[in-house]
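Chemist: Contents of target.cif (mmCIF, C-alpha atoms and all ligand atoms) are given next:
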data_model
loop_
_atom_site.label_atom_id
_atom_site.label_comp_id
_atom_site.auth_asym_id
_atom_site.auth_seq_id
_atom_site.Cartn_x
_atom_site.Cartn_y
_atom_site.Cartn_z
CA MET A 103 -13.41 -6.37 22.65
CA ILE A 104 -15.68 -6.15 19.60
CA GLN A 105 -19.11 -4.95 20.69
CA LYS A 106 -21.11 -5.37 17.48
CA ALA A 107 -21.01 -8.48 15.32
CA GLY A 108 -21.47 -8.89 11.62
CA LYS A 109 -19.88 -5.65 10.51
CA SER A 110 -17.55 -5.25 7.60
CA ILE A 111 -14.53 -2.95 7.68
CA VAL A 112 -12.30 -1.98 4.78
CA ILE A 113 -8.98 -0.26 5.52
CA LEU A 114 -6.88 1.43 2.85
CA THR A 115 -3.40 2.71 3.65
CA GLY A 116 -0.97 4.81 1.64
CA ALA A 117 2.50 6.23 1.98
CA GLY A 118 1.49 8.46 4.93
CA VAL A 119 1.21 5.46 7.28
CA SER A 120 4.91 4.72 6.74
CA ALA A 121 6.03 8.38 6.79
CA ASP A 122 6.49 8.27 10.58
CA SER A 123 8.83 5.30 10.09
CA GLY A 124 11.04 7.47 7.89
CA ILE A 125 9.96 6.30 4.42
CA ALA A 126 9.49 9.26 2.08
CA THR A 127 5.99 9.72 0.61
CA PHE A 128 5.63 9.89 -3.18
CA ARG A 129 4.30 13.33 -3.86
CA GLY A 130 7.06 15.58 -2.65
CA ALA A 131 7.96 19.08 -3.74
CA GLY A 132 7.83 19.70 -7.47
CA GLY A 133 6.34 16.30 -8.26
CA LEU A 134 9.74 14.67 -7.79
CA TRP A 135 10.09 11.35 -6.06
CA GLU A 136 13.47 11.06 -4.39
CA GLY A 137 14.84 13.27 -7.15
CA HIS A 138 13.25 11.30 -10.01
CA ARG A 139 10.21 12.07 -12.10
CA ILE A 140 7.70 9.26 -11.56
CA GLU A 141 7.62 8.50 -15.29
CA ASP A 142 11.40 7.89 -15.23
CA VAL A 143 11.24 5.11 -12.64
CA ALA A 144 7.70 3.78 -12.18
CA THR A 145 6.39 2.89 -15.63
CA PRO A 146 6.89 -0.10 -17.95
CA GLU A 147 8.26 2.37 -20.51
CA ALA A 148 10.97 3.48 -18.07
CA TRP A 149 11.98 -0.16 -17.56
CA GLU A 150 12.16 -0.65 -21.34
CA ARG A 151 14.13 2.54 -21.87
CA ASN A 152 16.51 2.48 -18.94
CA PRO A 153 16.27 -0.73 -16.89
CA ALA A 154 19.58 0.00 -15.10
CA LEU A 155 18.18 3.23 -13.63
CA VAL A 156 14.91 1.59 -12.58
CA TRP A 157 16.72 -1.43 -11.09
CA ARG A 158 19.03 0.82 -9.11
CA PHE A 159 16.11 2.92 -7.84
CA TYR A 160 14.19 -0.12 -6.57
CA GLN A 161 17.25 -1.93 -5.24
CA LEU A 162 18.01 1.10 -3.05
CA ARG A 163 14.44 1.16 -1.81
CA ARG A 164 14.57 -2.59 -1.16
CA ALA A 165 17.79 -2.18 0.81
CA ALA A 166 16.28 0.68 2.80
CA LEU A 167 13.65 -1.66 4.27
CA ALA A 168 16.30 -2.97 6.65
CA THR A 169 16.78 0.53 8.09
CA VAL A 170 13.15 1.23 9.09
CA GLU A 171 10.73 -0.13 11.67
CA PRO A 172 6.93 -0.29 11.89
CA ASN A 173 5.39 2.58 13.86
CA ALA A 174 2.43 2.85 16.23
CA ALA A 175 -0.03 3.13 13.32
CA HIS A 176 1.13 -0.16 11.76
CA ARG A 177 0.93 -1.83 15.17
CA ALA A 178 -2.55 -0.49 15.95
CA LEU A 179 -3.88 -1.70 12.59
CA ALA A 180 -2.39 -5.15 13.21
CA ARG A 181 -4.20 -5.24 16.53
CA LEU A 182 -7.48 -4.25 14.85
CA GLU A 183 -6.96 -6.95 12.23
CA SER A 184 -6.29 -9.65 14.79
CA GLU A 185 -9.32 -8.66 16.94
CA TYR A 186 -11.50 -8.79 13.83
CA ASN A 187 -10.17 -12.14 12.75
CA LYS A 188 -11.03 -13.51 16.19
CA SER A 189 -14.53 -12.03 16.16
CA GLY A 190 -15.58 -13.51 12.82
CA ASP A 191 -16.44 -10.08 11.43
CA ARG A 192 -15.06 -9.18 8.04
CA LEU A 193 -12.03 -6.99 7.59
CA CYS A 194 -10.40 -6.29 4.26
CA PHE A 195 -7.02 -4.65 4.65
CA ILE A 196 -5.66 -3.01 1.51
CA THR A 197 -2.39 -1.16 1.17
CA GLN A 198 -0.96 0.82 -1.70
CA ASN A 199 2.41 0.63 0.01
CA VAL A 200 5.17 -1.55 -1.36
CA ASP A 201 7.15 -1.63 1.91
CA ASN A 202 6.79 -4.55 4.35
CA LEU A 203 6.05 -2.60 7.53
CA HIS A 204 2.46 -3.81 7.87
CA GLU A 205 3.55 -7.45 7.82
CA ARG A 206 6.41 -6.75 10.18
CA ALA A 207 3.81 -5.35 12.59
CA GLY A 208 1.78 -8.58 12.23
CA SER A 209 -0.75 -7.74 9.48
CA SER A 210 -1.36 -9.43 6.16
CA PRO A 211 -2.67 -6.73 3.83
CA LEU A 212 -3.48 -7.01 0.13
CA HIS A 213 -0.58 -5.23 -1.57
CA MET A 214 -2.50 -3.82 -4.53
CA HIS A 215 0.62 -2.09 -5.91
CA GLY A 216 2.97 -5.01 -5.34
CA GLU A 217 5.83 -5.46 -2.87
CA LEU A 218 9.47 -4.41 -2.72
CA ALA A 219 10.21 -7.78 -1.12
CA ARG A 220 9.22 -9.64 -4.27
CA LEU A 221 10.76 -9.95 -7.73
CA ARG A 222 9.08 -11.20 -10.89
CA CYS A 223 10.32 -12.73 -14.12
CA GLU A 224 8.80 -11.03 -17.13
CA ARG A 225 9.29 -14.10 -19.27
CA CYS A 226 7.90 -16.96 -17.13
CA GLN A 227 6.02 -14.82 -14.54
CA HIS A 228 7.80 -16.60 -11.68
CA VAL A 229 7.32 -14.43 -8.56
CA PHE A 230 9.53 -14.91 -5.53
CA VAL A 231 10.42 -13.25 -2.23
CA ASN A 232 14.00 -12.02 -2.11
CA LEU A 233 15.49 -9.34 0.11
CA ASP A 234 19.01 -10.77 0.05
CA TYR A 235 20.14 -9.74 -3.42
CA LEU A 236 20.48 -5.97 -3.14
CA ASN A 237 23.18 -5.15 -5.71
CA PRO A 238 22.04 -1.89 -7.35
CA SER A 239 24.22 -2.22 -10.44
CA LYS A 240 23.75 -5.85 -11.50
CA PHE A 241 20.54 -7.50 -12.61
CA LEU A 242 19.40 -10.80 -11.14
CA ALA A 243 18.62 -13.69 -13.52
CA CYS A 244 15.50 -15.81 -13.19
CA ASP A 245 16.32 -19.19 -11.70
CA LYS A 246 13.25 -20.84 -13.29
CA CYS A 247 13.98 -19.96 -16.93
CA THR A 248 16.87 -18.54 -18.94
CA ASN A 249 15.79 -14.91 -18.67
CA SER A 250 18.75 -12.73 -17.73
CA ARG A 251 16.85 -10.32 -15.51
CA VAL A 252 13.86 -10.14 -13.24
CA ARG A 253 11.97 -6.94 -12.43
CA PRO A 254 10.59 -5.61 -9.14
CA ASP A 255 7.11 -7.01 -8.46
CA ILE A 256 5.69 -3.50 -8.35
CA VAL A 257 2.55 -2.35 -10.15
CA TRP A 258 3.77 0.55 -12.27
CA PHE A 259 1.69 3.36 -13.76
CA GLY A 260 -0.31 1.97 -16.64
CA GLU A 261 -0.34 -1.59 -15.17
CA MET A 262 -3.29 -3.35 -13.54
CA PRO A 263 -3.31 -3.30 -9.72
CA TYR A 264 -3.52 -6.65 -7.92
CA PHE A 265 -6.56 -7.99 -6.01
CA LEU A 266 -9.14 -5.69 -7.59
CA ASP A 267 -11.81 -8.40 -7.69
CA ASP A 268 -11.43 -9.09 -3.95
CA ILE A 269 -11.35 -5.39 -3.18
CA TYR A 270 -14.51 -4.48 -5.10
CA LYS A 271 -16.26 -7.46 -3.54
CA SER A 272 -15.44 -6.10 -0.06
CA LEU A 273 -16.56 -2.62 -1.04
CA ARG A 274 -19.98 -3.97 -1.95
CA THR A 275 -20.68 -4.88 1.70
CA VAL A 276 -18.55 -2.36 3.61
CA ASP A 277 -19.99 -0.69 6.74
CA LEU A 278 -16.90 1.24 7.81
CA PHE A 279 -14.20 2.44 5.43
CA ILE A 280 -10.97 3.86 6.83
CA SER A 281 -8.45 5.65 4.62
CA ILE A 282 -5.03 6.41 6.11
CA GLY A 283 -2.19 8.48 4.70
CA THR A 284 -3.05 8.58 1.03
CA SER A 285 -3.30 11.64 -1.20
CA GLY A 286 -6.37 10.24 -2.97
CA VAL A 287 -5.15 11.02 -6.46
CA VAL A 288 -3.98 7.66 -7.82
CA TYR A 289 -6.83 5.59 -9.28
CA PRO A 290 -8.38 3.09 -8.89
CA ALA A 291 -7.43 3.22 -5.16
CA ALA A 292 -8.54 6.85 -4.91
CA GLY A 293 -12.04 5.78 -5.97
CA PHE A 294 -12.58 3.27 -3.13
CA LEU A 295 -13.61 6.01 -0.68
CA ALA A 296 -16.45 7.19 -2.95
CA GLU A 297 -17.54 3.59 -3.58
CA ALA A 298 -17.83 3.04 0.18
CA ARG A 299 -19.64 6.34 0.71
CA GLU A 300 -22.13 5.60 -2.04
CA ARG A 301 -22.86 2.23 -0.53
CA GLY A 302 -23.76 4.06 2.72
CA ALA A 303 -20.69 3.15 4.77
CA ARG A 304 -19.30 5.38 7.45
CA THR A 305 -16.08 6.85 6.08
CA ILE A 306 -13.11 7.97 8.18
CA VAL A 307 -10.07 9.63 6.62
CA ASN A 308 -6.69 10.33 8.23
CA SER A 309 -3.98 12.29 6.48
CA LEU A 310 -1.78 15.31 7.09
CA ASP A 311 -3.37 17.31 4.27
CA GLU A 312 -6.91 16.96 3.01
CA PRO A 313 -6.75 14.29 0.31
CA GLY A 314 -8.00 15.02 -3.20
CA ASN A 315 -10.97 12.67 -2.84
CA LEU A 316 -12.30 13.98 0.53
CA HIS A 317 -16.04 14.70 0.75
CA PRO A 318 -17.94 16.69 3.43
CA ARG A 319 -19.64 13.45 4.52
CA ASP A 320 -16.29 11.86 5.45
CA GLU A 321 -15.03 12.15 9.02
CA PHE A 322 -11.61 13.76 8.52
CA LEU A 323 -8.98 13.18 11.23
CA PRO A 324 -5.99 15.38 10.37
CA GLY A 325 -2.60 14.56 11.86
CA ARG A 326 0.19 12.04 11.91
CA ALA A 327 -0.94 8.46 11.45
CA SER A 328 1.25 7.26 14.33
CA GLU A 329 -0.76 9.50 16.67
CA VAL A 330 -4.23 9.43 15.11
CA VAL A 331 -4.55 5.74 14.22
CA PRO A 332 -3.90 4.19 17.67
CA ALA A 333 -6.64 6.39 19.15
CA LEU A 334 -8.99 5.56 16.28
CA VAL A 335 -8.42 1.82 16.69
CA GLU A 336 -9.07 2.14 20.41
CA ARG A 337 -12.41 3.85 19.63
CA ILE A 338 -13.43 1.15 17.19
CA LEU A 339 -12.50 -1.69 19.54
CA GLU A 340 -14.48 0.01 22.30
CA GLY A 341 -17.53 -0.15 20.05
CA ASP A 342 -17.70 3.34 18.52
CA PHE A 343 -18.91 1.93 15.24
P1 LIG B 401 1.31 10.18 -1.59
O1 LIG B 401 2.74 10.51 -1.40
O2 LIG B 401 0.64 10.59 -2.85
O3 LIG B 401 0.47 10.80 -0.40
C1 LIG B 401 0.84 10.64 0.95
C2 LIG B 401 -0.27 11.18 1.83
O4 LIG B 401 0.10 10.92 3.16
C3 LIG B 401 -0.51 12.69 1.69
O5 LIG B 401 -1.92 12.91 1.66
C4 LIG B 401 0.07 13.26 3.01
O6 LIG B 401 -0.69 14.36 3.51
C5 LIG B 401 -0.11 12.09 3.93
N1 LIG B 401 0.89 12.03 5.02
C6 LIG B 401 2.20 12.40 5.00
N2 LIG B 401 2.76 12.15 6.19
C7 LIG B 401 1.78 11.60 6.99
C8 LIG B 401 1.73 11.13 8.33
N3 LIG B 401 2.81 11.14 9.13
N4 LIG B 401 0.55 10.65 8.79
C9 LIG B 401 -0.56 10.61 8.00
N5 LIG B 401 -0.57 11.06 6.73
C10 LIG B 401 0.59 11.54 6.22
O7 LIG B 401 1.17 8.59 -1.36
P2 LIG B 401 0.02 7.59 -1.80
O8 LIG B 401 -1.31 8.24 -1.76
O9 LIG B 401 0.23 6.35 -1.03
O10 LIG B 401 2.15 3.79 -6.48
O11 LIG B 401 0.41 7.32 -3.32
C11 LIG B 401 -0.38 6.47 -4.08
C12 LIG B 401 0.46 5.70 -5.07
O12 LIG B 401 1.19 6.60 -5.90
C13 LIG B 401 1.53 4.85 -4.43
O13 LIG B 401 1.07 3.58 -4.05
C14 LIG B 401 2.56 4.74 -5.50
C15 LIG B 401 2.55 6.14 -6.03
O14 LIG B 401 2.95 6.29 -7.28
C16 LIG B 401 3.05 2.89 -6.94
O15 LIG B 401 4.17 2.76 -6.52
C17 LIG B 401 2.52 2.03 -8.01
ZN ZN B 402 11.72 -16.81 -15.65
#
The structure in this file should be written as structure tokens.

Modeler:
Amino acid sequence: MIQKAGKSIVILTGAGVSADSGIATFRGAGGLWEGHRIEDVATPEAWERNPALVWRFYQLRRAALATVEPNAAHRALARLESEYNKSGDRLCFITQNVDNLHERAGSSPLHMHGELARLRCERCQHVFVNLDYLNPSKFLACDKCTNSRVRPDIVWFGEMPYFLDDIYKSLRTVDLFISIGTSGVVYPAAGFLAEARERGARTIVNSLDEPGNLHPRDEFLPGRASEVVPALVERILEGDF
């Protein structure tokens, strides 16, 4: 039950929320991401230089979605979202994650870095959901124009994240900002916490390690998201906010 009306919550999740479902986070040992340097697979230049490698990398990650399940953190956030939607209060749910575990738990977050489930034609900009075509060694042609290959609908380094207007609008009125499982080093997302703090919001941060953007004013809840987030959601729904 929501105790206080008229509040505005912004939630930001990162790779840590899906770590307990078995999806590897980005910043592993030595700056390698599943054995690849980020600049070799997650930039427009990489796609220009070696599209076969980039396609293969994302096709494997797209295929891997079928092998994972949402965890207790995804489910708790979906519950928070649905309680807020019922109450008429404002909740803006942002994820940097490109997996589909939030929606499979019942949420509808803004995927600011795109989605593995979607593909996009570079020529005609046609975007479509497709998790059926998972061949890692053959491109898929656009069925709306003559272009011989579509790309993953992922926001790569150097590209503009999605939904920034909506996100900054929410940050202008936020009362409670919750950051979960993100290292706080990739901008602009890493700057949302400071925006919320400066606007006077209460700020709560969960992660295994202290994120790069943590401030002494933030309430830091260390630990695994699948353990910390359900308890946090319970607290919020009981009115501790
Ligand atoms: P990172 O891999 O940079 O950081 C993951 C964070 O999650 C770290 O702070 C970990 O301490 C924390 N963590 C790990 N396991 C956890 C667990 N079980 N519970 C809670 N926290 C845990 O991932 P992001 O910050 O999401 O961009 O990375 C930001 C962006 O960089 C990504 O969206 C991606 C990447 O390049 C694109 O793909 C465009
Ligand atoms: Zn096209």

Chemist: Report as a PyMOL selection string which protein, DNA and RNA residues come within 6 Å of ligand LIG 401 (chain B), using all atoms listed in the file.

Modeler: chain A and resi 116-119+121-122+127-129+198-199+215+257-259+283-286+288+309-311+313+325-327

Chemist: Env of range 260-263 of chain A: 10 Å cut, atoms = all atoms listed in the file, seq-sep filter 5 positions within chain, self excluded. Answer as a ChimeraX atom specification.

Modeler: /A:144-147,198,213-216,289-291

Chemist: Restricting the output to C-alpha atoms, write the selected residues as a PDB file, in the frame of the given file.

Modeler:
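Just written: again_21.pdb:
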ATOM      1  CA  ALA A 144       7.700   3.780 -12.180  1.00  0.00           C
ATOM      2  CA  THR A 145       6.390   2.890 -15.630  1.00  0.00           C
ATOM      3  CA  PRO A 146       6.890  -0.100 -17.950  1.00  0.00           C
ATOM      4  CA  GLU A 147       8.260   2.370 -20.510  1.00  0.00           C
ATOM      5  CA  GLN A 198      -0.960   0.820  -1.700  1.00  0.00           C
ATOM      6  CA  HIS A 213      -0.580  -5.230  -1.570  1.00  0.00           C
ATOM      7  CA  MET A 214      -2.500  -3.820  -4.530  1.00  0.00           C
ATOM      8  CA  HIS A 215       0.620  -2.090  -5.910  1.00  0.00           C
ATOM      9  CA  GLY A 216       2.970  -5.010  -5.340  1.00  0.00           C
ATOM     10  CA  TYR A 289      -6.830   5.590  -9.280  1.00  0.00           C
ATOM     11  CA  PRO A 290      -8.380   3.090  -8.890  1.00  0.00           C
ATOM     12  CA  ALA A 291      -7.430   3.220  -5.160  1.00  0.00           C
TER      13      ALA A 291
END

Chemist: Give the residues close to ligand ZN 402 (chain B), within 12 Å, counting only C-alpha atoms and all ligand atoms; write them as a list in words.

Modeler: Leu221, Arg222, Cys223, Glu224, Arg225, Cys226, Gln227, His228, Val229, Phe230, Leu242, Ala243, Cys244, Asp245, Lys246, Cys247, Thr248, Asn249, Ser250, Arg251, Val252 and Arg253 of chain A

Chemist: Which residues of range 136-224 of chain A sit at most 9 Å from range 272-280 of chain A, using all atoms listed in the file? Give each one's shortest atom pair and distance in Å (one decimal place), in chain and ascending residue order, as CSV.

Modeler:
residue,atom,partner,partner_atom,distance
A:Arg192,CA,A:Ser272,CA,8.7
A:Leu193,CA,A:Ser272,CA,8.4
A:Cys194,CA,A:Ser272,CA,6.6

Chemist: Can those selected residues be exported to a file as a PDB file, in the frame of the given file so that it contains C-alpha atoms?

Modeler:
ATOM      1  CA  ARG A 192     -15.060  -9.180   8.040  1.00  0.00           C
ATOM      2  CA  LEU A 193     -12.030  -6.990   7.590  1.00  0.00           C
ATOM      3  CA  CYS A 194     -10.400  -6.290   4.260  1.00  0.00           C
TER       4      CYS A 194
END

Chemist: So that I can check the surroundings of range 179-184 of chain A, please list as a ChimeraX atom specification every protein, DNA and RNA residue that reaches within 12 Å of it, counting all atoms listed in the file and ignoring chain neighbours fewer than 4 positions away.

Modeler: /A:103-104,110-115,119,172-175,188-197,203-211,280-282,327-328,330-340

Chemist: Go ahead and save the picked residues with C-alpha atoms, as a short mmCIF file (atom, residue, chain, number, x, y, z; two decimals), keeping the file's coordinate frame.

Modeler:
data_model
loop_
_atom_site.label_atom_id
_atom_site.label_comp_id
_atom_site.auth_asym_id
_atom_site.auth_seq_id
_atom_site.Cartn_x
_atom_site.Cartn_y
_atom_site.Cartn_z
CA MET A 103 -13.41 -6.37 22.65
CA ILE A 104 -15.68 -6.15 19.60
CA SER A 110 -17.55 -5.25 7.60
CA ILE A 111 -14.53 -2.95 7.68
CA VAL A 112 -12.30 -1.98 4.78
CA ILE A 113 -8.98 -0.26 5.52
CA LEU A 114 -6.88 1.43 2.85
CA THR A 115 -3.40 2.71 3.65
CA VAL A 119 1.21 5.46 7.28
CA PRO A 172 6.93 -0.29 11.89
CA ASN A 173 5.39 2.58 13.86
CA ALA A 174 2.43 2.85 16.23
CA ALA A 175 -0.03 3.13 13.32
CA LYS A 188 -11.03 -13.51 16.19
CA SER A 189 -14.53 -12.03 16.16
CA GLY A 190 -15.58 -13.51 12.82
CA ASP A 191 -16.44 -10.08 11.43
CA ARG A 192 -15.06 -9.18 8.04
CA LEU A 193 -12.03 -6.99 7.59
CA CYS A 194 -10.40 -6.29 4.26
CA PHE A 195 -7.02 -4.65 4.65
CA ILE A 196 -5.66 -3.01 1.51
CA THR A 197 -2.39 -1.16 1.17
CA LEU A 203 6.05 -2.60 7.53
CA HIS A 204 2.46 -3.81 7.87
CA GLU A 205 3.55 -7.45 7.82
CA ARG A 206 6.41 -6.75 10.18
CA ALA A 207 3.81 -5.35 12.59
CA GLY A 208 1.78 -8.58 12.23
CA SER A 209 -0.75 -7.74 9.48
CA SER A 210 -1.36 -9.43 6.16
CA PRO A 211 -2.67 -6.73 3.83
CA ILE A 280 -10.97 3.86 6.83
CA SER A 281 -8.45 5.65 4.62
CA ILE A 282 -5.03 6.41 6.11
CA ALA A 327 -0.94 8.46 11.45
CA SER A 328 1.25 7.26 14.33
CA VAL A 330 -4.23 9.43 15.11
CA VAL A 331 -4.55 5.74 14.22
CA PRO A 332 -3.90 4.19 17.67
CA ALA A 333 -6.64 6.39 19.15
CA LEU A 334 -8.99 5.56 16.28
CA VAL A 335 -8.42 1.82 16.69
CA GLU A 336 -9.07 2.14 20.41
CA ARG A 337 -12.41 3.85 19.63
CA ILE A 338 -13.43 1.15 17.19
CA LEU A 339 -12.50 -1.69 19.54
CA GLU A 340 -14.48 0.01 22.30
#

Chemist: Could you name the residues that touch Val170 in chain A at 9 Å or less, counting only C-alpha atoms, but leaving out those on the same chain fewer than 6 positions away, as a list in words?

Modeler: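 Within the cut-off, the hits are Ser123, Gly124, Ile125 and Leu203 of chain A.
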
Chemist: Which of these residues is nearest to Glu300 in chain A, using only C-alpha atoms: A:Pro324, A:Glu312, A:Arg319, A:Pro254?

Modeler: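 Closest residue, counting only C-alpha atoms: A:Arg319.
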
Chemist: Measure the distance from CA of Gly302 in chain A to CA of Glu185 in chain A in Å and round it to one decimal.

Modeler: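 Straight-line distance from CA of Gly302 in chain A to CA of Glu185 in chain A works out to 23.9 Å.
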
Chemist: Looking at only C-alpha atoms, which of A:Leu233, A:Val287, A:Leu295, A:Leu212 is the one that sits closest to Asp267 in chain A?

Modeler: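 Comparing A:Leu233, A:Val287, A:Leu295, A:Leu212 against Asp267 in chain A, the winner is A:Leu212.
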
Chemist: Could you work out how far CA of Ala296 in chain A lies from CA of Gly314 in chain A, giving the answer in Å with one decimal?

Modeler: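 Result for CA of Gly314 in chain A versus CA of Ala296 in chain A: 11.5 Å, one decimal.
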
Chemist: Rounded to one decimal place, report the CA of Asp234 in chain A-CA of Asp201 in chain A distance in Å.

Modeler: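 Between these atoms lies a distance of 15.1 Å.
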
Chemist: Edge lengths and centre in Å to one decimal, as JSON, is what I'm after for the box along x, y and z that holds all listed atoms of range 112-128 of chain A once 3 Å is added on each side.

Modeler:
{"center_x": -0.6, "center_y": 4.0, "center_z": 3.7, "size_x": 29.3, "size_y": 17.9, "size_z": 19.8}

Chemist: Which residues come within 9 Å of Asn232 in chain A, counting all atoms listed in the file, excluding same-chain residues fewer than 6 positions away, as a list in words?

Modeler: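 What passes the distance filter is Leu218, Ala219, Arg220 and Leu221 of chain A.
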
Chemist: Between A:Glu171, A:Arg151, A:Thr305, A:Ile269, single out the one closest to Pro318 in chain A, counting only C-alpha atoms.

Modeler: A:Thr305

Chemist: List as a compact mmCIF listing (two decimals) with C-alpha atoms, in the frame of the given file the protein and nucleic acid residues near Ala154 in chain A, meaning an atom at most 9 Å away when only C-alpha atoms are counted, but skip any in the same chain fewer than 2 places from it.

Modeler:
# COMPACT_ATOMS: atom_id res chain seq x y z
CA TRP A 149 11.98 -0.16 -17.56
CA ASN A 152 16.51 2.48 -18.94
CA VAL A 156 14.91 1.59 -12.58
CA TRP A 157 16.72 -1.43 -11.09
CA ARG A 158 19.03 0.82 -9.11
CA PHE A 159 16.11 2.92 -7.84
CA PRO A 238 22.04 -1.89 -7.35
CA SER A 239 24.22 -2.22 -10.44
CA LYS A 240 23.75 -5.85 -11.50
CA PHE A 241 20.54 -7.50 -12.61
